$ cat my_file39.cif   # mmCIF, C-alpha atoms (C1' of nucleotides)
data_input
loop_
_atom_site.group_PDB
_atom_site.id
_atom_site.type_symbol
_atom_site.label_atom_id
_atom_site.label_comp_id
_atom_site.auth_asym_id
_atom_site.auth_seq_id
_atom_site.Cartn_x
_atom_site.Cartn_y
_atom_site.Cartn_z
ATOM 1 C CA MET D 1 63.865 -68.841 -36.168
ATOM 2 C CA GLU D 2 66.356 -71.597 -35.870
ATOM 3 C CA ARG D 3 68.304 -70.664 -32.785
ATOM 4 C CA SER D 4 65.649 -69.168 -30.546
ATOM 5 C CA ASP D 5 61.944 -68.570 -30.277
ATOM 6 C CA LYS D 6 62.510 -65.162 -28.775
ATOM 7 C CA GLN D 7 61.931 -62.263 -31.109
ATOM 8 C CA GLN D 8 64.506 -59.530 -30.995
ATOM 9 C CA PRO D 9 62.708 -56.532 -29.546
ATOM 10 C CA THR D 10 62.601 -53.440 -31.709
ATOM 11 C CA CYS D 11 64.210 -50.235 -30.570
ATOM 12 C CA GLU D 12 60.787 -48.899 -29.624
ATOM 13 C CA GLN D 13 60.032 -51.984 -27.578
ATOM 14 C CA GLU D 14 63.327 -51.669 -25.795
ATOM 15 C CA LEU D 15 62.614 -48.049 -24.930
ATOM 16 C CA ALA D 16 59.187 -49.067 -23.666
ATOM 17 C CA ALA D 17 60.797 -51.788 -21.557
ATOM 18 C CA ILE D 18 63.175 -49.276 -20.003
ATOM 19 C CA ARG D 19 60.235 -46.993 -19.244
ATOM 20 C CA ASP D 20 58.409 -49.905 -17.630
ATOM 21 C CA SER D 21 61.393 -50.786 -15.468
ATOM 22 C CA LEU D 22 61.939 -47.218 -14.351
ATOM 23 C CA GLU D 23 58.247 -46.788 -13.646
ATOM 24 C CA VAL D 24 58.044 -49.913 -11.487
ATOM 25 C CA LEU D 25 61.424 -49.553 -9.755
ATOM 26 C CA GLY D 26 62.110 -45.820 -10.004
ATOM 27 C CA GLY D 27 61.089 -42.974 -7.740
ATOM 28 C CA LYS D 28 62.285 -42.175 -4.310
ATOM 29 C CA TRP D 29 61.041 -45.065 -2.209
ATOM 30 C CA LYS D 30 60.310 -48.304 -4.075
ATOM 31 C CA LEU D 31 63.772 -49.814 -3.988
ATOM 32 C CA ARG D 32 64.287 -48.727 -0.389
ATOM 33 C CA ILE D 33 61.142 -50.558 0.603
ATOM 34 C CA MET D 34 62.152 -53.640 -1.359
ATOM 35 C CA ARG D 35 65.563 -53.708 0.284
ATOM 36 C CA GLN D 36 64.045 -53.242 3.712
ATOM 37 C CA LEU D 37 61.687 -56.164 3.148
ATOM 38 C CA ASN D 38 64.517 -58.271 1.794
ATOM 39 C CA ASN D 39 66.789 -57.529 4.734
ATOM 40 C CA HIS D 40 64.100 -58.688 7.160
ATOM 41 C CA ILE D 41 62.635 -61.446 5.072
ATOM 42 C CA ASP D 42 62.150 -63.841 8.001
ATOM 43 C CA GLU D 43 60.307 -61.337 10.149
ATOM 44 C CA LYS D 44 56.822 -59.928 10.127
ATOM 45 C CA ASN D 45 56.942 -56.608 8.323
ATOM 46 C CA THR D 46 53.974 -54.528 9.320
ATOM 47 C CA PHE D 47 53.095 -51.133 7.900
ATOM 48 C CA LYS D 48 54.300 -49.307 10.993
ATOM 49 C CA LYS D 49 57.497 -51.329 11.223
ATOM 50 C CA ILE D 50 58.394 -50.537 7.619
ATOM 51 C CA GLN D 51 57.564 -46.889 8.183
ATOM 52 C CA ARG D 52 59.862 -46.761 11.197
ATOM 53 C CA GLU D 53 62.712 -48.413 9.318
ATOM 54 C CA VAL D 54 62.504 -46.673 5.968
ATOM 55 C CA GLU D 55 63.694 -43.323 7.195
ATOM 56 C CA GLY D 56 61.653 -40.287 6.289
ATOM 57 C CA ILE D 57 58.759 -41.917 4.468
ATOM 58 C CA SER D 58 55.256 -40.683 5.254
ATOM 59 C CA ALA D 59 52.229 -42.914 5.667
ATOM 60 C CA LYS D 60 50.810 -41.592 2.437
ATOM 61 C CA MET D 61 53.845 -42.441 0.357
ATOM 62 C CA LEU D 62 54.360 -45.814 2.007
ATOM 63 C CA SER D 63 50.748 -46.738 1.405
ATOM 64 C CA LYS D 64 50.940 -45.663 -2.239
ATOM 65 C CA GLU D 65 54.249 -47.357 -2.961
ATOM 66 C CA LEU D 66 53.270 -50.635 -1.272
ATOM 67 C CA HIS D 67 50.062 -50.685 -3.272
ATOM 68 C CA GLU D 68 51.969 -50.236 -6.533
ATOM 69 C CA LEU D 69 54.471 -52.927 -5.571
ATOM 70 C CA GLU D 70 51.565 -55.241 -4.791
ATOM 71 C CA ILE D 71 49.887 -54.554 -8.151
ATOM 72 C CA ASN D 72 53.177 -55.392 -9.828
ATOM 73 C CA LEU D 73 53.326 -58.709 -7.967
ATOM 74 C CA LEU D 74 56.528 -57.773 -6.167
ATOM 75 C CA VAL D 75 55.085 -57.877 -2.645
ATOM 76 C CA THR D 76 52.124 -59.502 -0.940
ATOM 77 C CA ARG D 77 49.815 -57.869 1.559
ATOM 78 C CA THR D 78 48.303 -59.995 4.307
ATOM 79 C CA VAL D 79 45.866 -58.785 6.927
ATOM 80 C CA MET D 80 46.638 -60.564 10.181
ATOM 81 C CA SER D 81 43.949 -61.285 12.736
ATOM 82 C CA THR D 82 45.905 -59.775 15.608
ATOM 83 C CA ARG D 83 44.480 -57.171 17.942
ATOM 84 C CA PRO D 84 44.715 -54.512 16.865
ATOM 85 C CA VAL D 85 44.751 -55.761 13.298
ATOM 86 C CA THR D 86 48.176 -55.598 11.656
ATOM 87 C CA VAL D 87 49.064 -55.981 8.007
ATOM 88 C CA ASN D 88 52.063 -57.987 6.897
ATOM 89 C CA TYR D 89 54.008 -57.188 3.770
ATOM 90 C CA ALA D 90 56.408 -59.660 2.204
ATOM 91 C CA ILE D 91 58.520 -59.844 -0.907
ATOM 92 C CA THR D 92 57.366 -62.419 -3.434
ATOM 93 C CA GLU D 93 59.561 -64.985 -5.157
ATOM 94 C CA TYR D 94 59.186 -62.866 -8.289
ATOM 95 C CA GLY D 95 60.059 -59.735 -6.318
ATOM 96 C CA LEU D 96 63.525 -61.155 -5.736
ATOM 97 C CA SER D 97 64.180 -60.641 -9.461
ATOM 98 C CA VAL D 98 64.667 -56.910 -8.891
ATOM 99 C CA PHE D 99 67.882 -57.394 -6.966
ATOM 100 C CA PRO D 100 70.108 -58.331 -9.888
ATOM 101 C CA VAL D 101 68.847 -55.138 -11.553
ATOM 102 C CA THR D 102 69.566 -53.005 -8.522
ATOM 103 C CA GLU D 103 73.030 -54.526 -8.305
ATOM 104 C CA THR D 104 73.920 -53.251 -11.747
ATOM 105 C CA LEU D 105 72.606 -49.833 -10.731
ATOM 106 C CA VAL D 106 74.676 -49.940 -7.542
ATOM 107 C CA ASP D 107 77.823 -50.984 -9.402
ATOM 108 C CA TRP D 108 77.428 -48.349 -12.096
ATOM 109 C CA GLY D 109 76.601 -45.648 -9.572
ATOM 110 C CA LEU D 110 79.585 -46.448 -7.354
ATOM 111 C CA ASN D 111 81.912 -46.497 -10.330
ATOM 112 C CA HIS D 112 80.430 -43.270 -11.657
ATOM 113 C CA ARG D 113 81.006 -41.473 -8.394
ATOM 114 C CA GLN D 114 84.681 -42.444 -8.580
ATOM 115 C CA LYS D 115 84.810 -41.359 -12.208
ATOM 116 C CA ILE D 116 83.479 -37.840 -11.772
ATOM 117 C CA LYS D 117 84.954 -37.000 -8.407
ATOM 118 C CA MET M 1 91.141 -57.712 3.499
ATOM 119 C CA GLU M 2 92.624 -60.830 2.129
ATOM 120 C CA ARG M 3 90.642 -61.413 -0.986
ATOM 121 C CA SER M 4 89.984 -57.917 -2.240
ATOM 122 C CA ASP M 5 90.940 -54.304 -1.714
ATOM 123 C CA LYS M 6 87.389 -53.189 -2.359
ATOM 124 C CA GLN M 7 85.402 -52.211 0.675
ATOM 125 C CA GLN M 8 81.904 -53.574 0.790
ATOM 126 C CA PRO M 9 79.646 -50.547 0.446
ATOM 127 C CA THR M 10 77.246 -49.927 3.276
ATOM 128 C CA CYS M 11 73.527 -50.043 2.716
ATOM 129 C CA GLU M 12 73.449 -46.251 2.689
ATOM 130 C CA GLN M 13 76.196 -46.104 0.110
ATOM 131 C CA GLU M 14 74.343 -48.572 -2.061
ATOM 132 C CA LEU M 15 71.180 -46.504 -1.860
ATOM 133 C CA ALA M 16 73.177 -43.402 -2.756
ATOM 134 C CA ALA M 17 74.678 -45.263 -5.717
ATOM 135 C CA ILE M 18 71.210 -46.206 -6.966
ATOM 136 C CA ARG M 19 70.133 -42.584 -6.634
ATOM 137 C CA ASP M 20 73.191 -41.494 -8.596
ATOM 138 C CA SER M 21 72.482 -43.968 -11.371
ATOM 139 C CA LEU M 22 68.848 -42.997 -11.638
ATOM 140 C CA GLU M 23 69.737 -39.310 -11.606
ATOM 141 C CA VAL M 24 72.289 -39.638 -14.397
ATOM 142 C CA LEU M 25 70.372 -42.142 -16.541
ATOM 143 C CA GLY M 26 66.768 -41.501 -15.531
ATOM 144 C CA GLY M 27 64.225 -39.052 -16.801
ATOM 145 C CA LYS M 28 62.423 -39.028 -20.087
ATOM 146 C CA TRP M 29 65.191 -38.376 -22.593
ATOM 147 C CA LYS M 30 68.717 -39.295 -21.477
ATOM 148 C CA LEU M 31 68.766 -42.934 -22.503
ATOM 149 C CA ARG M 32 66.996 -42.131 -25.763
ATOM 150 C CA ILE M 33 69.706 -39.670 -26.628
ATOM 151 C CA MET M 34 72.443 -42.116 -25.659
ATOM 152 C CA ARG M 35 70.927 -44.846 -27.801
ATOM 153 C CA GLN M 36 70.504 -42.492 -30.725
ATOM 154 C CA LEU M 37 74.158 -41.474 -30.506
ATOM 155 C CA ASN M 38 75.218 -45.095 -30.174
ATOM 156 C CA ASN M 39 73.179 -46.192 -33.197
ATOM 157 C CA HIS M 40 74.873 -43.555 -35.351
ATOM 158 C CA ILE M 41 78.260 -43.685 -33.784
ATOM 159 C CA ASP M 42 80.170 -43.348 -37.058
ATOM 160 C CA GLU M 43 78.242 -40.286 -38.192
ATOM 161 C CA LYS M 44 78.322 -36.647 -37.268
ATOM 162 C CA ASN M 45 75.568 -36.068 -34.752
ATOM 163 C CA THR M 46 74.666 -32.407 -34.737
ATOM 164 C CA PHE M 47 72.157 -30.800 -32.432
ATOM 165 C CA LYS M 48 69.527 -30.530 -35.136
ATOM 166 C CA LYS M 49 70.082 -34.061 -36.376
ATOM 167 C CA ILE M 50 69.610 -35.460 -32.886
ATOM 168 C CA GLN M 51 66.532 -33.319 -32.429
ATOM 169 C CA ARG M 52 65.034 -34.638 -35.657
ATOM 170 C CA GLU M 53 65.737 -38.246 -34.733
ATOM 171 C CA VAL M 54 64.805 -38.266 -31.060
ATOM 172 C CA GLU M 55 61.096 -37.910 -31.628
ATOM 173 C CA GLY M 56 59.268 -35.249 -29.705
ATOM 174 C CA ILE M 57 62.168 -33.626 -27.861
ATOM 175 C CA SER M 58 62.270 -29.847 -27.698
ATOM 176 C CA ALA M 59 65.382 -27.733 -28.168
ATOM 177 C CA LYS M 60 65.316 -26.757 -24.520
ATOM 178 C CA MET M 61 65.244 -30.315 -23.227
ATOM 179 C CA LEU M 62 67.813 -31.528 -25.721
ATOM 180 C CA SER M 63 70.140 -28.717 -24.764
ATOM 181 C CA LYS M 64 69.704 -29.402 -21.068
ATOM 182 C CA GLU M 65 70.070 -33.165 -21.324
ATOM 183 C CA LEU M 66 73.136 -33.001 -23.570
ATOM 184 C CA HIS M 67 74.732 -30.599 -21.129
ATOM 185 C CA GLU M 68 74.127 -32.964 -18.225
ATOM 186 C CA LEU M 69 75.447 -35.935 -20.196
ATOM 187 C CA GLU M 70 78.541 -33.893 -21.016
ATOM 188 C CA ILE M 71 79.111 -32.956 -17.373
ATOM 189 C CA ASN M 72 78.882 -36.638 -16.505
ATOM 190 C CA LEU M 73 81.544 -37.469 -19.123
ATOM 191 C CA LEU M 74 79.165 -39.617 -21.135
ATOM 192 C CA VAL M 75 79.225 -37.474 -24.293
ATOM 193 C CA THR M 76 81.566 -34.938 -25.830
ATOM 194 C CA ARG M 77 80.574 -31.664 -27.442
ATOM 195 C CA THR M 78 82.672 -30.371 -30.333
ATOM 196 C CA VAL M 79 82.087 -27.100 -32.142
ATOM 197 C CA MET M 80 82.888 -27.609 -35.815
ATOM 198 C CA SER M 81 84.162 -24.794 -38.020
ATOM 199 C CA THR M 82 81.522 -25.329 -40.668
ATOM 200 C CA ARG M 83 79.327 -22.559 -41.995
ATOM 201 C CA PRO M 84 76.984 -22.155 -40.372
ATOM 202 C CA VAL M 85 78.735 -23.491 -37.308
ATOM 203 C CA THR M 86 77.536 -26.936 -36.268
ATOM 204 C CA VAL M 87 78.139 -28.786 -33.026
ATOM 205 C CA ASN M 88 78.956 -32.453 -32.954
ATOM 206 C CA TYR M 89 77.983 -34.707 -30.081
ATOM 207 C CA ALA M 90 79.549 -38.113 -29.581
ATOM 208 C CA ILE M 91 79.403 -40.843 -26.993
ATOM 209 C CA THR M 92 82.610 -41.285 -25.022
ATOM 210 C CA GLU M 93 84.360 -44.564 -24.351
ATOM 211 C CA TYR M 94 83.114 -44.268 -20.787
ATOM 212 C CA GLY M 95 79.622 -43.502 -22.079
ATOM 213 C CA LEU M 96 79.468 -46.997 -23.531
ATOM 214 C CA SER M 97 79.386 -48.314 -19.967
ATOM 215 C CA VAL M 98 75.718 -47.366 -19.676
ATOM 216 C CA PHE M 99 74.602 -49.987 -22.178
ATOM 217 C CA PRO M 100 75.107 -53.034 -19.986
ATOM 218 C CA VAL M 101 72.972 -51.224 -17.412
ATOM 219 C CA THR M 102 70.247 -50.421 -19.911
ATOM 220 C CA GLU M 103 70.285 -54.023 -21.076
ATOM 221 C CA THR M 104 69.373 -55.256 -17.627
ATOM 222 C CA LEU M 105 66.584 -52.681 -17.526
ATOM 223 C CA VAL M 106 65.364 -53.816 -20.947
ATOM 224 C CA ASP M 107 65.435 -57.482 -19.961
ATOM 225 C CA TRP M 108 63.647 -56.925 -16.683
ATOM 226 C CA GLY M 109 61.069 -54.631 -18.302
ATOM 227 C CA LEU M 110 60.293 -57.082 -21.106
ATOM 228 C CA ASN M 111 59.955 -59.949 -18.651
ATOM 229 C CA HIS M 112 57.804 -57.851 -16.352
ATOM 230 C CA ARG M 113 55.375 -56.962 -19.131
ATOM 231 C CA GLN M 114 54.910 -60.691 -19.777
ATOM 232 C CA LYS M 115 54.477 -61.331 -16.080
ATOM 233 C CA ILE M 116 51.709 -58.842 -15.424
ATOM 234 C CA LYS M 117 49.803 -59.089 -18.668
ATOM 235 C "C1'" DG U 1 66.893 -6.571 -47.664
ATOM 236 C "C1'" DT U 2 64.475 -10.930 -46.779
ATOM 237 C "C1'" DT U 3 64.490 -15.473 -45.710
ATOM 238 C "C1'" DA U 4 66.581 -19.739 -44.079
ATOM 239 C "C1'" DT U 5 69.873 -22.410 -41.392
ATOM 240 C "C1'" DT U 6 72.341 -23.832 -36.969
ATOM 241 C "C1'" DA U 7 72.494 -23.844 -32.022
ATOM 242 C "C1'" DG U 8 70.807 -22.613 -28.736
ATOM 243 C "C1'" DT U 9 68.272 -19.275 -24.559
ATOM 244 C "C1'" DT U 10 64.376 -17.277 -22.076
ATOM 245 C "C1'" DA U 11 59.989 -16.913 -19.869
ATOM 246 C "C1'" DA U 12 55.548 -18.680 -18.900
ATOM 247 C "C1'" DC U 13 53.077 -22.558 -18.131
ATOM 248 C "C1'" DA U 14 51.353 -27.458 -17.078
ATOM 249 C "C1'" DA U 15 51.947 -31.941 -15.202
ATOM 250 C "C1'" DA U 16 53.952 -35.171 -12.106
ATOM 251 C "C1'" DA U 17 56.057 -36.387 -7.899
ATOM 252 C "C1'" DG U 18 56.458 -35.881 -3.286
ATOM 253 C "C1'" DG U 19 55.505 -33.709 1.504
ATOM 254 C "C1'" DT U 20 52.380 -32.015 5.482
ATOM 255 C "C1'" DT U 21 48.662 -31.960 8.259
ATOM 256 C "C1'" DA U 22 44.545 -33.504 9.891
ATOM 257 C "C1'" DC U 23 41.504 -37.026 10.244
ATOM 258 C "C1'" DC U 24 38.879 -41.850 10.205
ATOM 259 C "C1'" DG U 25 37.392 -46.558 12.145
ATOM 260 C "C1'" DG U 26 38.483 -50.339 14.982
ATOM 261 C "C1'" DT U 27 40.492 -51.918 19.130
ATOM 262 C "C1'" DT U 28 42.594 -52.104 23.735
ATOM 263 C "C1'" DA U 29 44.472 -50.275 28.167
ATOM 264 C "C1'" DC U 30 43.703 -47.085 31.875
ATOM 265 C "C1'" DG K 1 35.325 -41.699 28.999
ATOM 266 C "C1'" DT K 2 40.004 -40.850 27.296
ATOM 267 C "C1'" DA K 3 44.202 -41.873 25.377
ATOM 268 C "C1'" DA K 4 47.009 -44.789 22.534
ATOM 269 C "C1'" DC K 5 48.086 -48.102 18.711
ATOM 270 C "C1'" DC K 6 47.317 -49.826 14.002
ATOM 271 C "C1'" DG K 7 46.563 -48.997 9.048
ATOM 272 C "C1'" DG K 8 45.468 -46.181 6.467
ATOM 273 C "C1'" DT K 9 42.782 -41.785 3.529
ATOM 274 C "C1'" DA K 10 41.775 -36.836 1.988
ATOM 275 C "C1'" DA K 11 42.872 -32.194 1.192
ATOM 276 C "C1'" DC K 12 46.178 -29.118 0.326
ATOM 277 C "C1'" DC K 13 50.869 -27.378 -0.711
ATOM 278 C "C1'" DT K 14 55.655 -27.371 -2.706
ATOM 279 C "C1'" DT K 15 59.168 -29.004 -5.645
ATOM 280 C "C1'" DT K 16 60.699 -31.130 -9.657
ATOM 281 C "C1'" DT K 17 60.181 -32.204 -14.309
ATOM 282 C "C1'" DG K 18 58.809 -31.383 -18.770
ATOM 283 C "C1'" DT K 19 56.283 -28.461 -22.585
ATOM 284 C "C1'" DT K 20 55.351 -24.424 -25.573
ATOM 285 C "C1'" DA K 21 56.305 -20.492 -27.918
ATOM 286 C "C1'" DA K 22 58.992 -16.642 -28.752
ATOM 287 C "C1'" DC K 23 63.433 -14.907 -29.375
ATOM 288 C "C1'" DT K 24 68.744 -14.326 -30.206
ATOM 289 C "C1'" DA K 25 73.337 -14.274 -32.923
ATOM 290 C "C1'" DA K 26 75.927 -15.629 -36.692
ATOM 291 C "C1'" DT K 27 76.107 -16.848 -41.355
ATOM 292 C "C1'" DA K 28 74.643 -17.620 -46.109
ATOM 293 C "C1'" DA K 29 71.599 -17.931 -50.148
ATOM 294 C "C1'" DC K 30 68.385 -15.343 -53.119
#
$ encode --input "my_file39.cif" --output "structure tokens"
Amino acid sequence: MERSDKQQPTCEQELAAIRDSLEVLGGKWKLRIMRQLNNHIDEKNTFKKIQREVEGISAKMLSKELHELEINLLVTRTVMSTRPVTVNYAITEYGLSVFPVTETLVDWGLNHRQKIK
Amino acid sequence: MERSDKQQPTCEQELAAIRDSLEVLGGKWKLRIMRQLNNHIDEKNTFKKIQREVEGISAKMLSKELHELEINLLVTRTVMSTRPVTVNYAITEYGLSVFPVTETLVDWGLNHRQKIK
DNA sequence: GTTATTAGTTAACAAAAGGTTACCGGTTAC
DNA sequence: GTAACCGGTAACCTTTTGTTAACTAATAAC
């Protein structure tokens, strides 16, 4: 271990890492929600506001997806003492790390659409 | 358009591109198959050989996934005139373009596992 | 003729993901 | 009191995804 302390992951570990990434970022809504929060990062993003702006999502799915994003430390949930009570969701510093990943997915997807058209 | 001929994709186009990427590369088996083919790129990779080496995959899924990869120009399918007939699958030049994408997924996934442990 | 091999296909089923509707508790405005 | 707004939850249904087991056609070895 002269050049680095990092172990090379095994093939199995790499496959597990891909599964982890796709589990946390995959599905129909997670990245849409993340992008929505990121595009309005200076504003208050309440549950209802997100639901209005992420087109087509139901309360059930939004609730579930936000909870999973929160567990994965990508967003924070803050109950505000307004009346009626509102809940603010915000991207975390760590949550910003998903955007380089999504960029590679965007680039590959755009290129692929050209390729197979 | 002074600095580039490329149009900036709209938000909708970016979301569509992410969907495309996840559709082509997502699911339980596609990236496993691609990695298996890439790790044995100098060898003949027949249907049965792939099935033996991609642990747990059924003939039905392997058949379906290979067909989809072929449609997306990521692998080629070649019927060999051996007896009994065998079919060789190989990654295309274009197919290699998925590996930079998978690397970012691997890196993010490995980092994320550290983060939430 | 029987068995084994390759490369699949088919049908039935189970599990996971996502959608729909109705509803709850707390609060405020009318 | 009634209706509306917020942030959900629960039950149920549909669609998508993946699994299992049985089967085919062509060839070859015994």
$ atom_distance --input "my_file39.cif" --atom1 "CA of Leu31 in chain D" --atom2 "CA of Ser58 in chain D"
15.5 Å
$ interface_residues --input "my_file39.cif" --of "chain U" --to "chain M" --cutoff "12 Å" --atoms "all atoms listed in the file" --output "ChimeraX atom specification"
/U:4-10,16
$ resolve_selection --input "my_file39.cif" --expression "the PyMOL selection byres ((chain D) within 9 of (chain M))" --output "number ranges by chain"
D: 9, 13-22, 24, 26-28, 31-32, 71-73, 97-98, 100-113, 115-116
$ resolve_selection --input "my_file39.cif" --expression "the PyMOL selection byres ((chain K and resi 3) around 10)" --output "list in words"
DA29 and DC30 of chain U; DG1, DT2, DA4 and DC5 of chain K
$ atom_distance --input "my_file39.cif" --atom1 "C1' of DA17 in chain U" --atom2 "CA of Val54 in chain M"
24.8 Å
$ interface_residues --input "my_file39.cif" --of "chain K" --to "chain M" --cutoff "12 Å" --atoms "all atoms listed in the file" --output "list in words"
DT16, DT17, DG18, DT19, DT20, DA21, DA25, DA26, DT27, DA28 and DA29 of chain K
$ atom_distance --input "my_file39.cif" --atom1 "C1' of DC6 in chain K" --atom2 "CA of Thr92 in chain D"
23.7 Å
$ closest_residue --input "my_file39.cif" --among "M:Thr10, M:Gly95, M:Lys117, M:Lys64" --to "Thr76 in chain M" --atoms "all atoms listed in the file"
M:Gly95
$ axis_aligned_box --input "my_file39.cif" --around "range 4-23 of chain K" --padding-each-side "3 Å" --output "lines of an AutoDock Vina configuration file"
center_x = 52.6
center_y = -32.4
center_z = -3.4
size_x = 27.7
size_y = 40.9
size_z = 57.9
$ residues_around --input "my_file39.cif" --residues "DC13 in chain K" --least-positions-apart "4" --cutoff "12 Å" --atoms "all atoms listed in the file" --output "PyMOL selection string"
chain U and resi 18-21
$ build_atoms --input "my_file39.cif" --residues "range 24-41 of chain D" --atoms "N, CA and C atoms" --output "short mmCIF file (atom, residue, chain, number, x, y, z; two decimals), in the frame of the given file"
data_model
loop_
_atom_site.label_atom_id
_atom_site.label_comp_id
_atom_site.auth_asym_id
_atom_site.auth_seq_id
_atom_site.Cartn_x
_atom_site.Cartn_y
_atom_site.Cartn_z
N VAL D 24 58.32 -48.96 -12.56
CA VAL D 24 58.04 -49.91 -11.49
C VAL D 24 59.08 -49.79 -10.37
N LEU D 25 60.34 -49.54 -10.74
CA LEU D 25 61.42 -49.55 -9.76
C LEU D 25 61.92 -48.16 -9.39
N GLY D 26 61.57 -47.16 -10.21
CA GLY D 26 62.11 -45.82 -10.00
C GLY D 26 61.40 -45.07 -8.90
N GLY D 27 61.68 -43.78 -8.80
CA GLY D 27 61.09 -42.97 -7.74
C GLY D 27 61.92 -43.08 -6.48
N LYS D 28 61.45 -42.38 -5.48
CA LYS D 28 62.28 -42.18 -4.31
C LYS D 28 62.29 -43.35 -3.34
N TRP D 29 61.22 -44.14 -3.33
CA TRP D 29 61.04 -45.06 -2.21
C TRP D 29 61.00 -46.55 -2.55
N LYS D 30 60.62 -46.89 -3.78
CA LYS D 30 60.31 -48.30 -4.08
C LYS D 30 61.46 -49.25 -3.76
N LEU D 31 62.66 -48.89 -4.22
CA LEU D 31 63.77 -49.81 -3.99
C LEU D 31 64.19 -49.84 -2.52
N ARG D 32 64.01 -48.72 -1.83
CA ARG D 32 64.29 -48.73 -0.39
C ARG D 32 63.37 -49.69 0.33
N ILE D 33 62.10 -49.66 -0.04
CA ILE D 33 61.14 -50.56 0.60
C ILE D 33 61.49 -52.01 0.29
N MET D 34 61.81 -52.27 -0.96
CA MET D 34 62.15 -53.64 -1.36
C MET D 34 63.37 -54.15 -0.59
N ARG D 35 64.36 -53.29 -0.44
CA ARG D 35 65.56 -53.71 0.28
C ARG D 35 65.25 -53.93 1.75
N GLN D 36 64.42 -53.09 2.31
CA GLN D 36 64.04 -53.24 3.71
C GLN D 36 63.34 -54.58 3.93
N LEU D 37 62.40 -54.88 3.03
CA LEU D 37 61.69 -56.16 3.15
C LEU D 37 62.65 -57.34 2.98
N ASN D 38 63.58 -57.18 2.06
CA ASN D 38 64.52 -58.27 1.79
C ASN D 38 65.49 -58.49 2.96
N ASN D 39 65.86 -57.41 3.61
CA ASN D 39 66.79 -57.53 4.73
C ASN D 39 66.13 -58.13 5.98
N HIS D 40 64.81 -58.16 5.99
CA HIS D 40 64.10 -58.69 7.16
C HIS D 40 63.08 -59.71 6.69
N ILE D 41 63.54 -60.57 5.81
CA ILE D 41 62.64 -61.45 5.07
C ILE D 41 62.04 -62.53 5.96
#
